[in-house]
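Working notes for the structure below.
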Amino acid sequence: MGIIRLPSMISNVKQFHKLHSVLTRNHSDVPKGHFAVYVGETEKKRYVVPIAYLNHASFQELLRKAEEEFGFQHPMGGLTLPCNEDAFFHLTSRLNTTL
């Protein structure tokens, strides 16, 4: 069994709440239980995804990459994911089969 590290979980929850407040403050067209992300290499496109994606290791890895690249200052004013649209579609199509 894996060991659950409570301080790490608390930190992740705080970061999520901070991120969620920024995203919902800027865009009221995001339905409850979802959040907006920006994806693309040159031209960023906005997508709305379910919060349930946050539970998946592959999406969490993408979030870690976003934190490394952008920190918490995202150029689009929302969560920018450092991947191209094809990689994003591939990831979300896999996640949709597990929801």
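The way I read the labels, and the way they are meant: chains A, B, ... in the order of the structure tokens, residue 1 as the first residue of every chain, and ligand 1 as the first ligand shown, with later ones counted on from there.
Summary of the local environment: counting only C-alpha atoms, residues at most 12 Å from A:Glu61, other than itself and those fewer than 6 positions away along its chain, are A:Tyr53, A:Leu54, A:Asn55, A:Glu67, A:Glu68, A:Leu81, A:Pro82, A:Cys83, A:Leu91.
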### Message
I need the strand (DSSP E) residues of stretch 38-91 of chain A per DSSP on the backbone, written as a PyMOL selection string.
### Response
chain A and resi 38-39+45-50+79-81
Any chance you can output those residues with all heavy atoms as a JSON list (two decimals), in the first residue's frame?
```json
[["chain", "number", "residue", "atom", "x", "y", "z"],
["A", 38, "TYR", "N", -6.19, 25.93, -21.45],
["A", 38, "TYR", "CA", -5.75, 26.43, -22.75],
["A", 38, "TYR", "C", -4.70, 25.47, -23.28],
["A", 38, "TYR", "O", -3.75, 25.12, -22.56],
["A", 38, "TYR", "CB", -5.21, 27.85, -22.64],
["A", 38, "TYR", "CG", -6.27, 28.84, -22.29],
["A", 38, "TYR", "CD1", -6.57, 29.12, -20.96],
["A", 38, "TYR", "CD2", -7.01, 29.47, -23.28],
["A", 38, "TYR", "CE1", -7.57, 30.02, -20.63],
["A", 38, "TYR", "CE2", -8.02, 30.37, -22.96],
["A", 38, "TYR", "CZ", -8.28, 30.63, -21.63],
["A", 38, "TYR", "OH", -9.28, 31.52, -21.31],
["A", 39, "VAL", "N", -4.86, 25.06, -24.54],
["A", 39, "VAL", "CA", -4.00, 24.05, -25.14],
["A", 39, "VAL", "C", -3.56, 24.50, -26.52],
["A", 39, "VAL", "O", -4.34, 25.12, -27.25],
["A", 39, "VAL", "CB", -4.76, 22.70, -25.25],
["A", 39, "VAL", "CG1", -3.90, 21.64, -25.91],
["A", 39, "VAL", "CG2", -5.25, 22.24, -23.89],
["A", 45, "LYS", "N", -6.05, 27.29, -27.64],
["A", 45, "LYS", "CA", -7.50, 27.15, -27.69],
["A", 45, "LYS", "C", -8.00, 26.76, -26.31],
["A", 45, "LYS", "O", -7.34, 26.02, -25.58],
["A", 45, "LYS", "CB", -7.92, 26.10, -28.71],
["A", 45, "LYS", "CG", -7.65, 26.52, -30.13],
["A", 45, "LYS", "CD", -8.25, 25.54, -31.10],
["A", 45, "LYS", "CE", -7.95, 25.96, -32.53],
["A", 45, "LYS", "NZ", -8.45, 24.95, -33.48],
["A", 46, "ARG", "N", -9.17, 27.24, -25.98],
["A", 46, "ARG", "CA", -9.76, 27.01, -24.66],
["A", 46, "ARG", "C", -10.68, 25.80, -24.70],
["A", 46, "ARG", "O", -11.52, 25.67, -25.58],
["A", 46, "ARG", "CB", -10.55, 28.24, -24.23],
["A", 46, "ARG", "CG", -11.14, 28.16, -22.85],
["A", 46, "ARG", "CD", -11.72, 29.53, -22.48],
["A", 46, "ARG", "NE", -12.32, 29.51, -21.19],
["A", 46, "ARG", "CZ", -13.62, 29.34, -20.98],
["A", 46, "ARG", "NH1", -14.45, 29.25, -22.01],
["A", 46, "ARG", "NH2", -14.10, 29.31, -19.77],
["A", 47, "TYR", "N", -10.51, 24.91, -23.72],
["A", 47, "TYR", "CA", -11.35, 23.73, -23.58],
["A", 47, "TYR", "C", -11.85, 23.65, -22.15],
["A", 47, "TYR", "O", -11.14, 24.05, -21.22],
["A", 47, "TYR", "CB", -10.58, 22.44, -23.92],
["A", 47, "TYR", "CG", -10.13, 22.39, -25.36],
["A", 47, "TYR", "CD1", -8.87, 22.85, -25.73],
["A", 47, "TYR", "CD2", -10.98, 21.91, -26.34],
["A", 47, "TYR", "CE1", -8.47, 22.82, -27.05],
["A", 47, "TYR", "CE2", -10.58, 21.89, -27.67],
["A", 47, "TYR", "CZ", -9.33, 22.34, -28.01],
["A", 47, "TYR", "OH", -8.94, 22.33, -29.32],
["A", 48, "VAL", "N", -13.04, 23.13, -21.96],
["A", 48, "VAL", "CA", -13.62, 22.95, -20.63],
["A", 48, "VAL", "C", -13.63, 21.45, -20.36],
["A", 48, "VAL", "O", -14.15, 20.67, -21.16],
["A", 48, "VAL", "CB", -15.04, 23.54, -20.56],
["A", 48, "VAL", "CG1", -15.66, 23.27, -19.20],
["A", 48, "VAL", "CG2", -15.00, 25.04, -20.84],
["A", 49, "VAL", "N", -13.00, 21.06, -19.26],
["A", 49, "VAL", "CA", -12.86, 19.64, -18.93],
["A", 49, "VAL", "C", -13.41, 19.36, -17.54],
["A", 49, "VAL", "O", -13.47, 20.25, -16.69],
["A", 49, "VAL", "CB", -11.37, 19.20, -19.02],
["A", 49, "VAL", "CG1", -10.84, 19.37, -20.42],
["A", 49, "VAL", "CG2", -10.51, 19.97, -18.04],
["A", 50, "PRO", "N", -13.81, 18.11, -17.29],
["A", 50, "PRO", "CA", -14.35, 17.76, -15.97],
["A", 50, "PRO", "C", -13.27, 17.77, -14.89],
["A", 50, "PRO", "O", -12.12, 17.40, -15.14],
["A", 50, "PRO", "CB", -14.88, 16.33, -16.15],
["A", 50, "PRO", "CG", -14.67, 15.96, -17.56],
["A", 50, "PRO", "CD", -13.87, 17.01, -18.23],
["A", 79, "LEU", "N", -5.46, 28.24, -16.83],
["A", 79, "LEU", "CA", -4.52, 27.13, -16.80],
["A", 79, "LEU", "C", -4.09, 26.77, -18.22],
["A", 79, "LEU", "O", -4.90, 26.36, -19.05],
["A", 79, "LEU", "CB", -5.17, 25.92, -16.12],
["A", 79, "LEU", "CG", -4.32, 24.67, -16.02],
["A", 79, "LEU", "CD1", -3.05, 24.96, -15.25],
["A", 79, "LEU", "CD2", -5.10, 23.57, -15.36],
["A", 80, "THR", "N", -2.81, 26.95, -18.52],
["A", 80, "THR", "CA", -2.26, 26.63, -19.83],
["A", 80, "THR", "C", -1.50, 25.33, -19.73],
["A", 80, "THR", "O", -0.62, 25.18, -18.88],
["A", 80, "THR", "CB", -1.31, 27.75, -20.30],
["A", 80, "THR", "OG1", -2.01, 28.99, -20.28],
["A", 80, "THR", "CG2", -0.80, 27.47, -21.70],
["A", 81, "LEU", "N", -1.86, 24.37, -20.57],
["A", 81, "LEU", "CA", -1.21, 23.07, -20.56],
["A", 81, "LEU", "C", -0.14, 23.02, -21.64],
["A", 81, "LEU", "O", -0.41, 23.37, -22.79],
["A", 81, "LEU", "CB", -2.24, 21.95, -20.78],
["A", 81, "LEU", "CG", -3.35, 21.88, -19.74],
["A", 81, "LEU", "CD1", -4.32, 20.77, -20.08],
["A", 81, "LEU", "CD2", -2.77, 21.67, -18.34]]
```
### Message
Let's see if you can do this: from backbone DSSP, list all helix (DSSP H, G or I) residues in stretch 22-70 of chain A, as a ChimeraX atom specification.
### Response
/A:22-26,51-55,57-70
Just to be explicit: take each residue in the selection above, keep N, CA, C and O atoms, and write the result as a compact mmCIF listing (two decimals), in the first residue's frame.
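Below is the file out_0.txt, written as the result:
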```txt
# COMPACT_ATOMS: atom_id res chain seq x y z
N VAL A 22 -9.50 31.35 -9.56
CA VAL A 22 -9.05 32.18 -10.69
C VAL A 22 -9.83 31.84 -11.95
O VAL A 22 -10.29 32.72 -12.67
N LEU A 23 -10.00 30.56 -12.21
CA LEU A 23 -10.67 30.13 -13.44
C LEU A 23 -12.16 30.51 -13.44
O LEU A 23 -12.68 30.97 -14.44
N THR A 24 -12.84 30.30 -12.34
CA THR A 24 -14.28 30.58 -12.31
C THR A 24 -14.55 32.08 -12.22
O THR A 24 -15.59 32.53 -12.69
N ARG A 25 -13.63 32.83 -11.68
CA ARG A 25 -13.81 34.28 -11.60
C ARG A 25 -13.78 34.89 -13.00
O ARG A 25 -14.51 35.81 -13.31
N ASN A 26 -12.93 34.38 -13.87
CA ASN A 26 -12.76 34.96 -15.20
C ASN A 26 -13.78 34.47 -16.22
O ASN A 26 -14.04 35.14 -17.20
N ILE A 51 -13.65 18.16 -13.70
CA ILE A 51 -12.74 18.17 -12.56
C ILE A 51 -12.25 16.75 -12.26
O ILE A 51 -11.15 16.57 -11.75
N ALA A 52 -13.02 15.74 -12.63
CA ALA A 52 -12.62 14.35 -12.38
C ALA A 52 -11.29 14.01 -13.02
O ALA A 52 -10.60 13.09 -12.57
N TYR A 53 -10.87 14.75 -14.05
CA TYR A 53 -9.56 14.52 -14.67
C TYR A 53 -8.43 14.69 -13.67
O TYR A 53 -7.36 14.10 -13.82
N LEU A 54 -8.65 15.51 -12.65
CA LEU A 54 -7.60 15.78 -11.66
C LEU A 54 -7.21 14.53 -10.87
O LEU A 54 -6.15 14.49 -10.25
N ASN A 55 -8.06 13.50 -10.89
CA ASN A 55 -7.78 12.27 -10.16
C ASN A 55 -6.86 11.32 -10.93
O ASN A 55 -6.43 10.31 -10.38
N ALA A 57 -3.50 10.07 -12.94
CA ALA A 57 -2.05 10.29 -12.91
C ALA A 57 -1.54 10.96 -14.18
O ALA A 57 -0.67 11.83 -14.11
N SER A 58 -2.07 10.59 -15.33
CA SER A 58 -1.58 11.17 -16.59
C SER A 58 -1.92 12.66 -16.67
O SER A 58 -1.11 13.46 -17.15
N PHE A 59 -3.08 13.06 -16.18
CA PHE A 59 -3.44 14.48 -16.18
C PHE A 59 -2.62 15.22 -15.12
O PHE A 59 -2.19 16.35 -15.34
N GLN A 60 -2.38 14.58 -13.98
CA GLN A 60 -1.57 15.19 -12.94
C GLN A 60 -0.14 15.44 -13.43
O GLN A 60 0.46 16.47 -13.11
N GLU A 61 0.37 14.53 -14.25
CA GLU A 61 1.70 14.73 -14.83
C GLU A 61 1.72 15.94 -15.74
O GLU A 61 2.66 16.74 -15.74
N LEU A 62 0.66 16.11 -16.52
CA LEU A 62 0.55 17.28 -17.39
C LEU A 62 0.49 18.57 -16.55
O LEU A 62 1.09 19.58 -16.91
N LEU A 63 -0.19 18.52 -15.41
CA LEU A 63 -0.25 19.68 -14.52
C LEU A 63 1.13 20.00 -13.93
O LEU A 63 1.49 21.17 -13.79
N ARG A 64 1.90 18.96 -13.60
CA ARG A 64 3.26 19.19 -13.09
C ARG A 64 4.12 19.86 -14.16
O ARG A 64 4.90 20.76 -13.86
N LYS A 65 3.96 19.43 -15.40
CA LYS A 65 4.71 20.06 -16.49
C LYS A 65 4.30 21.51 -16.66
O LYS A 65 5.13 22.39 -16.92
N ALA A 66 3.00 21.79 -16.51
CA ALA A 66 2.51 23.17 -16.61
C ALA A 66 3.10 24.02 -15.49
O ALA A 66 3.50 25.16 -15.72
N GLU A 67 3.18 23.46 -14.30
CA GLU A 67 3.75 24.19 -13.17
C GLU A 67 5.23 24.48 -13.41
O GLU A 67 5.71 25.58 -13.15
N GLU A 68 5.97 23.49 -13.95
CA GLU A 68 7.39 23.69 -14.24
C GLU A 68 7.60 24.77 -15.30
O GLU A 68 8.50 25.60 -15.19
N GLU A 69 6.75 24.76 -16.32
CA GLU A 69 6.92 25.70 -17.42
C GLU A 69 6.41 27.10 -17.12
O GLU A 69 7.03 28.09 -17.46
N PHE A 70 5.25 27.18 -16.48
CA PHE A 70 4.60 28.47 -16.28
C PHE A 70 4.52 28.92 -14.82
O PHE A 70 4.17 30.07 -14.56
```
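Each of A:Thr92, A:Thr98, A:Gln73, A:Asn84 was compared to A:Thr42 using only C-alpha atoms, and A:Asn84 turns out to be the nearest.
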